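Undergrad: One file is attached below, protein.cif, containing mmCIF, C-alpha atoms.
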```cif
data_entry
loop_
_atom_site.label_atom_id
_atom_site.label_comp_id
_atom_site.auth_asym_id
_atom_site.auth_seq_id
_atom_site.Cartn_x
_atom_site.Cartn_y
_atom_site.Cartn_z
CA MET A 1 -15.26 -25.89 -5.30
CA ARG A 2 -18.43 -24.47 -6.83
CA VAL A 3 -21.51 -26.71 -6.43
CA SER A 4 -23.51 -25.35 -9.35
CA ALA A 5 -23.69 -22.41 -11.68
CA SER A 6 -26.27 -20.74 -9.43
CA ALA A 7 -24.55 -21.48 -6.09
CA PRO A 8 -23.06 -18.58 -4.09
CA LEU A 9 -19.31 -18.14 -4.23
CA PRO A 10 -17.93 -20.18 -1.28
CA LEU A 11 -16.26 -18.18 1.48
CA THR A 12 -13.46 -20.73 1.41
CA HIS A 13 -12.67 -19.74 -2.18
CA ILE A 14 -12.46 -16.09 -1.16
CA PHE A 15 -10.21 -17.01 1.75
CA LYS A 16 -7.91 -19.08 -0.46
CA THR A 17 -7.52 -16.14 -2.82
CA TRP A 18 -7.08 -13.60 -0.02
CA TRP A 19 -4.72 -15.25 2.42
CA PRO A 20 -1.59 -15.40 0.20
CA LEU A 21 -2.03 -11.71 -0.60
CA ALA A 22 -2.66 -10.91 3.06
CA ALA A 23 0.44 -12.87 4.03
CA SER A 24 2.42 -10.90 1.48
CA TRP A 25 1.15 -7.55 2.78
CA LEU A 26 1.70 -8.66 6.38
CA LEU A 27 5.24 -9.75 5.64
CA MET A 28 5.85 -6.43 3.89
CA GLY A 29 4.52 -4.78 7.04
CA ILE A 30 7.25 -6.51 9.03
CA GLU A 31 9.92 -4.81 6.92
CA GLY A 32 9.44 -1.38 8.47
CA PRO A 33 9.43 -2.50 12.12
CA ALA A 34 12.47 -4.74 11.51
CA MET A 35 14.38 -1.85 10.01
CA SER A 36 13.33 0.50 12.82
CA ALA A 37 14.38 -2.08 15.41
CA VAL A 38 17.89 -2.27 13.94
CA ILE A 39 18.27 1.50 13.50
CA ALA A 40 17.11 2.00 17.10
CA ARG A 41 20.04 -0.16 18.25
CA LEU A 42 22.66 1.78 16.27
CA ALA A 43 24.22 5.20 16.92
CA ASN A 44 21.97 8.31 17.02
CA PRO A 45 18.67 6.41 16.66
CA GLU A 46 16.41 9.48 16.93
CA ILE A 47 18.15 11.24 14.05
CA HIS A 48 18.20 8.26 11.70
CA LEU A 49 14.65 7.11 12.52
CA ALA A 50 13.41 10.66 11.95
CA ALA A 51 15.40 10.94 8.69
CA TYR A 52 13.78 7.79 7.32
CA GLY A 53 10.25 8.30 8.66
CA GLY A 54 10.09 12.05 8.11
CA VAL A 55 11.88 12.46 4.76
CA VAL A 56 13.14 9.37 2.90
CA PHE A 57 10.06 7.16 3.05
CA PRO A 58 7.47 9.90 2.37
CA LEU A 59 9.44 11.29 -0.60
CA ALA A 60 10.15 7.84 -2.06
CA LEU A 61 6.45 6.99 -1.80
CA ILE A 62 5.37 10.19 -3.52
CA ILE A 63 7.81 9.64 -6.38
CA GLU A 64 6.58 6.07 -6.91
CA SER A 65 2.91 6.93 -6.38
CA PRO A 66 1.92 6.87 -10.10
CA ILE A 67 2.81 3.16 -10.31
CA ILE A 68 1.40 1.93 -6.98
CA MET A 69 -1.96 1.04 -8.55
CA LEU A 70 -0.33 -1.03 -11.30
CA LEU A 71 -1.21 -4.10 -9.24
CA ALA A 72 -4.93 -3.34 -9.41
CA ALA A 73 -4.70 -2.25 -13.06
CA SER A 74 -2.81 -5.36 -14.13
CA THR A 75 -5.21 -7.61 -12.22
CA ALA A 76 -8.16 -5.98 -13.94
CA LEU A 77 -6.77 -5.56 -17.49
CA SER A 78 -4.09 -8.21 -18.20
CA LYS A 79 -6.62 -10.68 -19.60
CA ASP A 80 -4.81 -11.68 -22.80
CA TRP A 81 -1.38 -11.47 -24.44
CA ASP A 82 -2.01 -8.30 -26.43
CA SER A 83 -3.23 -6.45 -23.34
CA TYR A 84 -0.24 -7.69 -21.33
CA VAL A 85 2.28 -6.48 -23.95
CA ARG A 86 0.71 -3.03 -24.16
CA LEU A 87 0.49 -2.66 -20.40
CA ARG A 88 4.10 -3.80 -19.98
CA ARG A 89 5.20 -1.05 -22.38
CA TYR A 90 3.39 1.56 -20.29
CA MET A 91 4.88 0.13 -17.08
CA MET A 92 8.47 0.28 -18.34
CA ALA A 93 8.07 3.88 -19.53
CA ALA A 94 6.63 4.92 -16.19
CA GLY A 95 9.41 3.14 -14.28
CA ALA A 96 12.10 4.93 -16.29
CA GLY A 97 10.49 8.33 -15.90
CA LEU A 98 9.99 8.02 -12.15
CA THR A 99 13.56 6.81 -11.64
CA LEU A 100 14.78 9.93 -13.45
CA LEU A 101 12.56 12.07 -11.19
CA HIS A 102 13.96 10.33 -8.09
CA PHE A 103 17.50 11.06 -9.31
CA VAL A 104 16.73 14.75 -9.81
CA VAL A 105 15.20 15.10 -6.32
CA ALA A 106 17.96 13.19 -4.50
CA PHE A 107 21.09 14.30 -6.39
CA THR A 108 20.44 17.97 -7.20
CA PRO A 109 19.86 21.13 -5.13
CA ILE A 110 16.11 20.56 -5.54
CA TYR A 111 16.45 18.27 -2.51
CA TYR A 112 17.21 21.18 -0.18
CA LEU A 113 14.34 23.22 -1.57
CA VAL A 114 11.90 20.39 -0.85
CA VAL A 115 13.23 19.23 2.52
CA GLU A 116 14.36 22.47 4.15
CA ARG A 117 11.91 25.01 2.77
CA VAL A 118 8.77 23.02 1.97
CA ILE A 119 8.77 20.24 4.60
CA GLY A 120 10.90 22.17 7.10
CA VAL A 121 12.32 19.20 9.01
CA PRO A 122 14.86 19.68 11.84
CA GLN A 123 18.30 20.48 10.43
CA ALA A 124 19.91 17.46 12.11
CA ILE A 125 18.20 15.02 9.76
CA VAL A 126 18.66 16.85 6.42
CA GLN A 127 21.97 15.27 5.37
CA PRO A 128 21.31 11.72 6.65
CA ALA A 129 17.97 11.77 4.82
CA ARG A 130 19.60 12.85 1.56
CA LEU A 131 22.05 9.95 1.72
CA GLY A 132 19.18 7.54 2.34
CA LEU A 133 17.17 8.92 -0.58
CA MET A 134 20.16 8.47 -2.89
CA ILE A 135 20.47 4.82 -1.89
CA MET A 136 16.75 4.31 -2.62
CA LEU A 137 17.17 5.17 -6.33
CA PRO A 138 16.21 1.64 -7.62
CA TRP A 139 12.97 1.72 -5.61
CA SER A 140 10.42 3.03 -8.15
CA TRP A 141 11.37 0.91 -11.18
CA SER A 142 11.64 -2.25 -9.08
CA ILE A 143 8.20 -1.60 -7.55
CA ALA A 144 6.66 -0.94 -10.97
CA TYR A 145 8.01 -4.16 -12.47
CA ARG A 146 7.05 -6.23 -9.43
CA ARG A 147 3.50 -4.92 -8.94
CA PHE A 148 2.65 -5.15 -12.63
CA HIS A 149 3.65 -8.81 -12.87
CA GLN A 150 2.04 -9.63 -9.53
CA GLY A 151 -1.24 -8.51 -11.09
CA VAL A 152 -0.73 -11.01 -13.91
CA LEU A 153 -0.06 -13.78 -11.38
CA ILE A 154 -3.22 -12.92 -9.43
CA ARG A 155 -5.36 -12.69 -12.59
CA PHE A 156 -4.27 -16.20 -13.65
CA GLY A 157 -4.67 -17.88 -10.26
CA ARG A 158 -1.07 -17.77 -9.00
CA SER A 159 -1.62 -15.52 -5.98
CA HIS A 160 0.39 -17.88 -3.74
CA THR A 161 3.60 -16.85 -5.53
CA VAL A 162 3.06 -13.27 -4.33
CA GLY A 163 3.61 -14.38 -0.74
CA VAL A 164 6.73 -16.33 -1.68
CA GLY A 165 8.12 -13.21 -3.35
CA THR A 166 7.64 -11.28 -0.14
CA VAL A 167 9.64 -13.92 1.73
CA VAL A 168 12.44 -13.41 -0.82
CA ARG A 169 12.26 -9.66 -0.23
CA LEU A 170 12.37 -10.01 3.55
CA SER A 171 15.27 -12.45 3.34
CA ALA A 172 17.32 -9.86 1.46
CA ASP A 173 16.20 -7.19 3.93
CA GLY A 174 17.11 -9.36 6.88
CA LEU A 175 20.57 -10.19 5.56
CA VAL A 176 21.49 -6.53 5.09
CA LEU A 177 19.99 -5.53 8.45
CA LEU A 178 21.86 -8.33 10.22
CA LEU A 179 25.16 -7.27 8.66
CA GLY A 180 24.55 -3.66 9.63
CA TYR A 181 23.67 -4.64 13.19
CA LEU A 182 26.77 -6.82 13.57
CA LEU A 183 29.12 -4.20 12.10
CA LYS A 184 27.66 -1.34 14.19
CA THR A 185 29.86 1.14 12.30
CA VAL A 186 27.52 1.91 9.36
CA PRO A 187 25.01 4.76 9.93
CA GLY A 188 21.48 3.57 10.60
CA ILE A 189 20.01 5.40 7.60
CA VAL A 190 22.48 3.61 5.30
CA VAL A 191 21.69 0.21 6.79
CA GLY A 192 17.93 0.76 6.57
CA THR A 193 17.70 2.14 3.04
CA THR A 194 20.21 -0.38 1.66
CA ALA A 195 18.05 -3.16 3.13
CA VAL A 196 14.90 -1.73 1.53
CA ALA A 197 16.59 -1.31 -1.87
CA ALA A 198 18.05 -4.84 -1.77
CA GLY A 199 14.64 -6.21 -0.82
CA VAL A 200 12.65 -4.64 -3.65
CA ILE A 201 15.28 -5.58 -6.25
CA SER A 202 15.31 -9.20 -5.02
CA GLU A 203 11.52 -9.48 -5.07
CA ALA A 204 11.26 -7.94 -8.55
CA THR A 205 13.82 -10.45 -9.81
CA TYR A 206 11.89 -13.36 -8.28
CA VAL A 207 8.55 -12.21 -9.68
CA GLY A 208 10.12 -11.78 -13.12
CA LEU A 209 11.24 -15.42 -13.02
CA VAL A 210 8.02 -17.03 -11.74
CA VAL A 211 5.80 -15.09 -14.13
CA ARG A 212 7.55 -16.51 -17.21
CA PRO A 213 5.67 -19.86 -17.32
CA VAL A 214 2.39 -17.97 -16.87
CA LEU A 215 3.24 -15.68 -19.77
CA ARG A 216 4.24 -18.60 -22.01
CA GLY A 217 1.13 -20.59 -21.11
CA PRO A 218 -2.12 -19.08 -19.76
CA VAL A 219 -1.53 -15.52 -20.93
CA ARG A 220 -0.61 -16.47 -24.52
CA LEU A 221 -3.46 -18.99 -24.69
CA ALA A 222 -6.10 -16.68 -23.19
CA PRO A 223 -8.80 -15.64 -25.68
CA GLN A 224 -8.37 -12.11 -26.93
CA VAL A 225 -10.72 -9.63 -25.30
CA ALA A 226 -13.26 -7.88 -27.48
CA LEU A 227 -11.79 -4.44 -26.80
CA PRO A 228 -7.97 -4.57 -26.52
CA VAL A 229 -6.28 -2.14 -24.16
CA SER A 230 -5.35 0.99 -26.10
CA LEU A 231 -3.29 3.86 -24.74
CA ARG A 232 -6.43 5.97 -24.48
CA SER A 233 -8.51 3.34 -22.69
CA PHE A 234 -5.63 2.57 -20.35
CA LEU A 235 -5.10 6.23 -19.47
CA ASN A 236 -8.84 6.73 -18.93
CA PHE A 237 -8.77 3.79 -16.52
CA TYR A 238 -5.43 4.44 -14.88
CA ILE A 239 -4.98 8.22 -14.55
CA PRO A 240 -7.64 8.47 -11.82
CA LEU A 241 -5.90 5.60 -10.01
CA ALA A 242 -2.49 7.25 -10.36
CA MET A 243 -3.94 10.50 -9.06
CA THR A 244 -5.44 8.52 -6.21
CA SER A 245 -2.03 7.21 -5.17
CA LEU A 246 -0.36 10.59 -5.59
CA LEU A 247 -2.98 12.45 -3.58
CA THR A 248 -2.98 9.78 -0.86
CA LEU A 249 0.77 9.87 -0.48
CA LEU A 250 0.90 13.66 -0.51
CA ALA A 251 -0.49 13.30 2.98
CA GLN A 252 2.90 11.85 4.05
CA PRO A 253 5.06 14.98 3.52
CA ILE A 254 2.14 17.19 4.55
CA GLY A 255 2.06 15.20 7.78
CA SER A 256 5.83 15.49 8.19
CA ALA A 257 5.66 19.26 7.60
CA ALA A 258 2.85 19.62 10.13
CA VAL A 259 4.49 17.43 12.77
CA SER A 260 7.74 19.39 12.34
CA ARG A 261 5.81 22.48 13.48
CA MET A 262 4.16 20.88 16.54
CA PRO A 263 5.43 20.13 20.04
CA LEU A 264 7.96 17.26 20.37
CA ALA A 265 8.75 17.45 16.65
CA LEU A 266 11.94 15.36 16.59
CA GLU A 267 10.51 12.78 19.00
CA SER A 268 7.30 12.48 16.97
CA LEU A 269 9.18 12.07 13.69
CA ALA A 270 11.43 9.44 15.30
CA ALA A 271 8.51 7.45 16.73
CA TRP A 272 6.42 7.77 13.56
CA PRO A 273 8.00 4.93 11.50
CA VAL A 274 7.69 2.55 14.47
CA VAL A 275 4.05 3.37 15.21
CA SER A 276 3.01 3.52 11.56
CA GLY A 277 4.80 0.21 10.94
CA LEU A 278 2.73 -1.50 13.65
CA VAL A 279 -0.51 0.05 12.37
CA PHE A 280 0.37 -0.93 8.80
CA MET A 281 0.68 -4.61 9.75
CA PHE A 282 -2.95 -4.65 10.86
CA ARG A 283 -4.15 -2.49 7.98
CA SER A 284 -2.43 -4.87 5.57
CA LEU A 285 -5.09 -7.53 6.20
CA GLY A 286 -7.61 -5.20 4.58
CA MET A 287 -5.35 -3.69 1.96
CA ALA A 288 -4.80 -7.15 0.48
CA TYR A 289 -8.55 -7.49 -0.07
CA ASN A 290 -8.77 -4.92 -2.88
CA GLU A 291 -7.40 -7.19 -5.62
CA VAL A 292 -9.50 -10.09 -4.30
CA VAL A 293 -12.69 -8.09 -4.86
CA VAL A 294 -11.55 -6.95 -8.32
CA ALA A 295 -10.75 -10.52 -9.39
CA LEU A 296 -13.70 -12.36 -7.83
CA LEU A 297 -16.55 -10.03 -8.72
CA ASP A 298 -16.23 -11.58 -12.19
CA GLU A 299 -17.42 -14.85 -10.63
CA PRO A 300 -21.17 -15.54 -10.77
CA HIS A 301 -23.12 -14.90 -7.54
CA SER A 302 -20.11 -13.52 -5.69
CA SER A 303 -21.32 -10.18 -4.30
CA ALA A 304 -23.16 -11.50 -1.23
CA SER A 305 -20.28 -13.78 -0.26
CA LEU A 306 -17.73 -11.00 -0.70
CA ARG A 307 -19.87 -8.68 1.42
CA HIS A 308 -20.07 -11.28 4.22
CA PHE A 309 -16.32 -11.86 4.06
CA THR A 310 -15.81 -8.09 4.30
CA GLY A 311 -17.76 -7.98 7.57
CA TRP A 312 -15.84 -10.86 9.10
CA LEU A 313 -12.47 -9.48 8.04
CA ALA A 314 -13.19 -5.95 9.31
CA THR A 315 -14.29 -7.32 12.69
CA PHE A 316 -11.27 -9.60 13.02
CA SER A 317 -8.67 -6.99 12.07
CA GLY A 318 -10.22 -4.36 14.35
CA LEU A 319 -10.38 -6.68 17.36
CA ALA A 320 -6.84 -7.95 16.79
CA PHE A 321 -5.50 -4.39 16.80
CA LEU A 322 -7.51 -3.57 19.93
CA MET A 323 -6.03 -6.59 21.69
CA VAL A 324 -2.50 -5.33 21.02
CA THR A 325 -3.30 -1.71 21.91
CA ALA A 326 -5.08 -2.49 25.17
CA THR A 327 -2.61 -5.03 26.56
CA PRO A 328 1.10 -5.11 27.45
CA LEU A 329 1.76 -6.37 23.92
CA ALA A 330 2.07 -2.78 22.69
CA ARG A 331 4.73 -1.95 25.28
CA LEU A 332 6.53 -5.20 24.48
CA TRP A 333 6.53 -4.23 20.81
CA PHE A 334 7.76 -0.67 21.28
CA GLU A 335 10.35 -1.31 23.99
CA GLY A 336 11.33 -4.96 23.55
CA VAL A 337 11.13 -5.47 19.79
CA SER A 338 11.57 -1.94 18.44
CA ALA A 339 13.99 -0.84 21.21
CA LEU A 340 12.52 2.65 21.51
CA PRO A 341 13.94 4.72 24.38
CA PRO A 342 11.46 5.16 27.28
CA LYS A 343 10.50 8.70 26.24
CA LEU A 344 9.64 7.64 22.68
CA SER A 345 7.88 4.50 23.91
CA ARG A 346 5.57 6.51 26.17
CA LEU A 347 4.74 8.84 23.29
CA ALA A 348 3.99 5.89 21.01
CA LEU A 349 1.83 4.10 23.59
CA ASP A 350 -0.25 7.20 24.32
CA SER A 351 -0.79 7.90 20.61
CA LEU A 352 -1.57 4.35 19.42
CA TRP A 353 -5.17 4.48 20.65
CA LEU A 354 -5.91 7.21 18.12
CA ALA A 355 -5.19 4.75 15.27
CA LEU A 356 -7.75 2.20 16.51
CA PRO A 357 -10.28 2.55 13.62
CA MET A 358 -7.71 2.17 10.84
CA PRO A 359 -7.56 -1.64 10.35
CA ALA A 360 -11.35 -2.03 9.98
CA LEU A 361 -11.53 1.05 7.74
CA ALA A 362 -8.86 -0.47 5.47
CA VAL A 363 -11.08 -3.52 4.90
CA LEU A 364 -14.13 -1.42 4.07
CA GLN A 365 -12.12 0.77 1.71
CA SER A 366 -10.86 -2.27 -0.19
CA TRP A 367 -14.41 -3.63 -0.54
CA TYR A 368 -15.89 -0.38 -1.82
CA GLN A 369 -12.87 0.44 -3.98
CA GLY A 370 -12.77 -3.07 -5.45
CA VAL A 371 -16.43 -2.76 -6.47
CA ILE A 372 -15.69 0.56 -8.18
CA LEU A 373 -12.58 -0.76 -9.94
CA HIS A 374 -14.57 -3.72 -11.22
CA SER A 375 -16.81 -1.26 -13.07
CA ARG A 376 -13.72 0.50 -14.54
CA GLN A 377 -15.24 3.84 -13.48
CA THR A 378 -12.25 4.92 -11.41
CA ARG A 379 -13.05 8.61 -10.99
CA SER A 380 -14.95 7.90 -7.76
CA VAL A 381 -11.77 6.53 -6.19
CA THR A 382 -9.96 9.79 -6.93
CA GLU A 383 -12.84 11.79 -5.48
CA ALA A 384 -12.59 9.83 -2.24
CA VAL A 385 -8.86 10.51 -2.00
CA VAL A 386 -9.47 14.24 -2.53
CA VAL A 387 -11.85 14.06 0.43
CA TYR A 388 -9.09 12.36 2.44
CA LEU A 389 -6.36 14.81 1.44
CA VAL A 390 -8.41 17.98 1.97
CA SER A 391 -9.69 16.87 5.37
CA ASN A 392 -6.20 15.67 6.34
CA ALA A 393 -4.54 18.97 5.43
CA ALA A 394 -7.26 21.07 7.07
CA LEU A 395 -7.22 19.12 10.33
CA LEU A 396 -3.42 19.10 10.47
CA GLY A 397 -3.48 22.86 9.96
CA LEU A 398 -5.78 23.15 12.96
CA GLY A 399 -3.38 20.99 14.94
CA VAL A 400 -0.46 23.27 14.07
CA ALA A 401 -2.50 26.37 14.98
CA TRP A 402 -3.52 24.79 18.29
CA GLY A 403 0.06 23.83 19.10
CA LYS A 404 -0.64 22.14 22.43
CA ALA A 405 -0.45 18.40 21.58
CA PRO A 406 2.47 16.22 20.44
CA GLY A 407 2.63 15.95 16.66
CA LEU A 408 2.44 12.14 16.65
CA GLY A 409 -0.93 12.00 18.40
CA VAL A 410 -2.40 14.75 16.26
CA ALA A 411 -1.20 13.07 13.04
CA LEU A 412 -2.74 9.71 13.99
CA ALA A 413 -6.07 11.24 15.05
CA VAL A 414 -6.26 13.24 11.83
CA MET A 415 -5.42 10.17 9.75
CA SER A 416 -8.20 8.15 11.40
CA LEU A 417 -10.80 10.87 10.85
CA SER A 418 -9.73 11.43 7.26
CA MET A 419 -9.84 7.70 6.51
CA ALA A 420 -13.37 7.53 7.92
CA LEU A 421 -14.52 10.34 5.60
CA GLN A 422 -12.80 8.70 2.63
CA THR A 423 -14.47 5.35 3.41
CA ALA A 424 -17.88 6.98 3.67
CA TRP A 425 -17.44 8.59 0.24
CA LEU A 426 -16.32 5.31 -1.34
CA GLY A 427 -19.33 3.54 0.20
CA TRP A 428 -21.73 6.10 -1.23
CA ARG A 429 -20.16 6.04 -4.71
CA SER A 430 -20.01 2.24 -4.85
CA ARG A 431 -23.73 1.74 -4.20
CA PRO A 432 -24.99 2.11 -7.82
CA VAL A 433 -22.24 -0.19 -9.09
CA LEU A 434 -23.10 -2.83 -6.51
CA ARG A 435 -26.78 -2.60 -7.45
CA GLN A 436 -25.82 -3.30 -11.07
CA VAL A 437 -23.75 -6.32 -10.00
CA VAL A 438 -26.61 -7.73 -7.92
CA ALA A 439 -29.09 -7.16 -10.78
CA ARG A 440 -26.75 -8.97 -13.18
CA GLU A 441 -26.45 -11.90 -10.79
CA LYS A 442 -30.24 -12.16 -10.42
CA GLU A 443 -30.66 -12.12 -14.20
CA THR A 444 -28.06 -14.89 -14.57
CA ALA A 445 -29.79 -16.98 -11.91
CA LEU A 446 -33.13 -16.67 -13.73
CA MET A 447 -31.52 -17.73 -17.00
CA VAL A 448 -30.08 -20.82 -15.29
CA LEU A 449 -33.49 -21.73 -13.85
CA ARG A 450 -35.07 -21.47 -17.26
#
```
Reformat the file's structure so that it appears as structure tokens.
TA:
Amino acid sequence: MRVSASAPLPLTHIFKTWWPLAASWLLMGIEGPAMSAVIARLANPEIHLAAYGGVVFPLALIIESPIIMLLAASTALSKDWDSYVRLRRYMMAAGAGLTLLHFVVAFTPIYYLVVERVIGVPQAIVQPARLGLMIMLPWSWSIAYRRFHQGVLIRFGRSHTVGVGTVVRLSADGLVLLLGYLLKTVPGIVVGTTAVAAGVISEATYVGLVVRPVLRGPVRLAPQVALPVSLRSFLNFYIPLAMTSLLTLLAQPIGSAAVSRMPLALESLAAWPVVSGLVFMFRSLGMAYNEVVVALLDEPHSSASLRHFTGWLATFSGLAFLMVTATPLARLWFEGVSALPPKLSRLALDSLWLALPMPALAVLQSWYQGVILHSRQTRSVTEAVVVYLVSNAALLGLGVAWGKAPGLGVALAVMSLSMALQTAWLGWRSRPVLRQVVAREKETALMVLR
């Protein structure tokens, strides 16, 4: 609870806002490893793990990329009923359009053009991956609906419901995965993608139910903002964010294409979803912080407290990942939990060290990006992603030309270096915005003293 109008924002308030979102991201992070663990225990695990990690997941992410930042946009802009209605209209149109795009890619000959000629994956995974991509058709619209309404819940102080929704999603995932594991006759790619599709549909349904009281109450009663969200103002705000997501996720198929042309291609693609799933769980602690910064920078005297929390969170997430990487916990995860064969486990263990900076970098990115989003000047975020994508593609190209290291290790090293460059750019571009926030807070404090 705030002590006075001039008191710093308590760290406990930041923590209470952050932890439900972090729990939600962490639980989402469990989805991938759980699916990989089941697929690894079914027939032909290398083929089906590679099909999901090398084709289905990267393509599904690219197709949905324009709506990934709806969570941040809704948190920042859904301040009154009129803004909510207009934003919902944009969300539904985007969901429909992206679902149509997903259908065209998965169900027409365009699939073979993309997967065989552009990405160039091993032939053994082409058909299993296509089946998985077909099953994932509901993915984009469900994600759009869920993330948009999660932003409303966060904006109006209901962030705890986001974590509950993730539990609903994982419960649906777990039920499908358990059935697939017990039957043992359904192909792993079918079990995995059906679980993911069932999970996102279940979570979207839950979020749609719990947001209704918020829409009837706080959103309708909220005072109308001075400048309502128009199509033009929304596009000016959101297009750079959508481009940010698209450019970021383009790194996924670029990575798959590069790894497919390096030594141990099939093994690297098979181990990739398991390794990236473990890394994602630790990165999720920082990724959840973005919306916290966007929401709480509106609070008086919050910048210093948010900066201190950033330091603590980056240190904790980095040390936690180091503890897993440097101890037998990593082997236990890869061999005991994920059931990777010994050859894939050794490859994963050797490569994991190259991902060591990622959890701390995720925290710093969320801090800098949240500051920029608070100012509604989103172009800087897109610039940072261009830095990431260009450096990622260039370094992967060097890895392919070198051709002497396993693709998994090269991909993780390149990702870490590219994330570091992206973070540095965000830090530089956020500095003038942060100076404005600090100046505003000082001016407010002087007014209170007077």
Undergrad: Translate the PyMOL selection byres ((chain A and resi 69) around 8), as applied to the file shown, into an explicit residue set as a PyMOL selection string.
TA: chain A and resi 65-68+70-73+238+241-242+245
Undergrad: Could you tell me which of A:Thr248, A:Ser83, A:Ser276, A:Ser302 comes closest to A:Leu11 if we count only C-alpha atoms?
TA: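 Of the candidates, the smallest distance to A:Leu11 is held by A:Ser302.
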Undergrad: Can you work out which one of A:Gly277, A:Ser430, A:Ala258, A:Phe316 has the shortest atom-to-atom distance to A:Ala393, counting only C-alpha atoms?
TA: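 For A:Ala393, the nearest of the given residues is A:Ala258.
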Undergrad: Apply the PyMOL selection byres ((chain A and resi 323-338) around 7) to the file shown and report the selected residues as a PyMOL selection string.
TA: chain A and resi 33+36-37+40+319-322+339-340+345+349+352-353
Undergrad: What is the atom CA of A:Ala60-atom CA of A:Gly32 distance in Å, reported with one decimal?
TA: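 If I compute the distance from atom CA of A:Ala60 to atom CA of A:Gly32, I get 14.0 Å.
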Undergrad: Quick one: pull the distance between atom CA of A:Thr17 and atom CA of A:Arg307, Å, one decimal.
TA: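 For atom CA of A:Thr17 relative to atom CA of A:Arg307, the distance reads 15.0 Å.
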Undergrad: Could you check how far atom CA of A:Ala360 sits from atom CA of A:Thr310, in Å to one decimal?
TA: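 Pair atom CA of A:Ala360 / atom CA of A:Thr310 returns 9.4 Å.
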Undergrad: Residues of stretch 346-394 of chain A within 12 Å of stretch 398-405 of chain A: nearest atom pair and distance (Å, one decimal) for each, counting all atoms listed in the file, sorted by chain and number, as a Markdown table?
TA:
```
| residue | atom | partner | partner_atom | distance |
| --- | --- | --- | --- | --- |
| A:Leu347 | CA | A:Ala405 | CA | 11.0 |
| A:Asp350 | CA | A:Ala405 | CA | 11.5 |
| A:Ser351 | CA | A:Ala405 | CA | 10.6 |
| A:Ser391 | CA | A:Leu398 | CA | 10.6 |
| A:Asn392 | CA | A:Leu398 | CA | 10.0 |
| A:Ala393 | CA | A:Leu398 | CA | 8.7 |
| A:Ala394 | CA | A:Leu398 | CA | 6.4 |
```
Undergrad: Take the selection from the previous step and output its residues with C-alpha atoms, as a compact mmCIF listing (two decimals), keeping the file's coordinate frame.
TA:
```txt
# COMPACT_ATOMS: atom_id res chain seq x y z
CA LEU A 347 4.74 8.84 23.29
CA ASP A 350 -0.25 7.20 24.32
CA SER A 351 -0.79 7.90 20.61
CA SER A 391 -9.69 16.87 5.37
CA ASN A 392 -6.20 15.67 6.34
CA ALA A 393 -4.54 18.97 5.43
CA ALA A 394 -7.26 21.07 7.07
```
Undergrad: Please evaluate the PyMOL selection byres ((chain A and resi 145-155) around 7) against the structure above and give the resulting residues as a ChimeraX atom specification.
TA: /A:70-72,74-75,78,141-144,156-159,162,204,207,211,295
Undergrad: Can you work out which one of A:Leu26, A:Ile125, A:Leu77, A:Met358 has the shortest atom-to-atom distance to A:Leu49, counting only C-alpha atoms?
TA: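 Smallest separation from A:Leu49 among the options: A:Ile125.
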Undergrad: Counting only C-alpha atoms, which residues come within 9 Å of (22.2, 1.3, 2.0), with the point read in the file's coordinates, and could you list them as a ChimeraX atom specification?
TA: /A:131-132,134-136,176,188-198
Undergrad: Hey, what's within 7 Å of stretch 98-101 of chain A if we count all atoms listed in the file and toss same-chain stuff fewer than 6 positions away? As a list in words, please?
TA: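 So, after excluding close chain neighbours, the residues are Ile63, Glu64, Leu137, Ser140 and Trp141 of chain A.
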Undergrad: Which neighbours of A:Thr378 fall inside 7 Å, counting only C-alpha atoms, when residues of the same chain fewer than 6 positions from it are skipped, and could you give them as a list in words?
TA: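 Residues meeting the cut-off are Phe237, Pro240, Leu241 and Ile372 of chain A.
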Undergrad: Please determine, counting only C-alpha atoms, which residue among A:Val410, A:Tyr84, A:Gln127, A:Pro213 has the shortest atom-to-atom distance to A:Trp272.
TA: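 Looking only at the distances to A:Trp272, the closest residue turns out to be A:Val410.
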Undergrad: Enumerate, as a ChimeraX atom specification, the protein, DNA and RNA residues whose atoms approach (-8.7, -1.1, 1.5) to within 9 Å, taking into account all atoms listed in the file and the coordinate frame of the file.
TA: /A:283-290,359-370,423
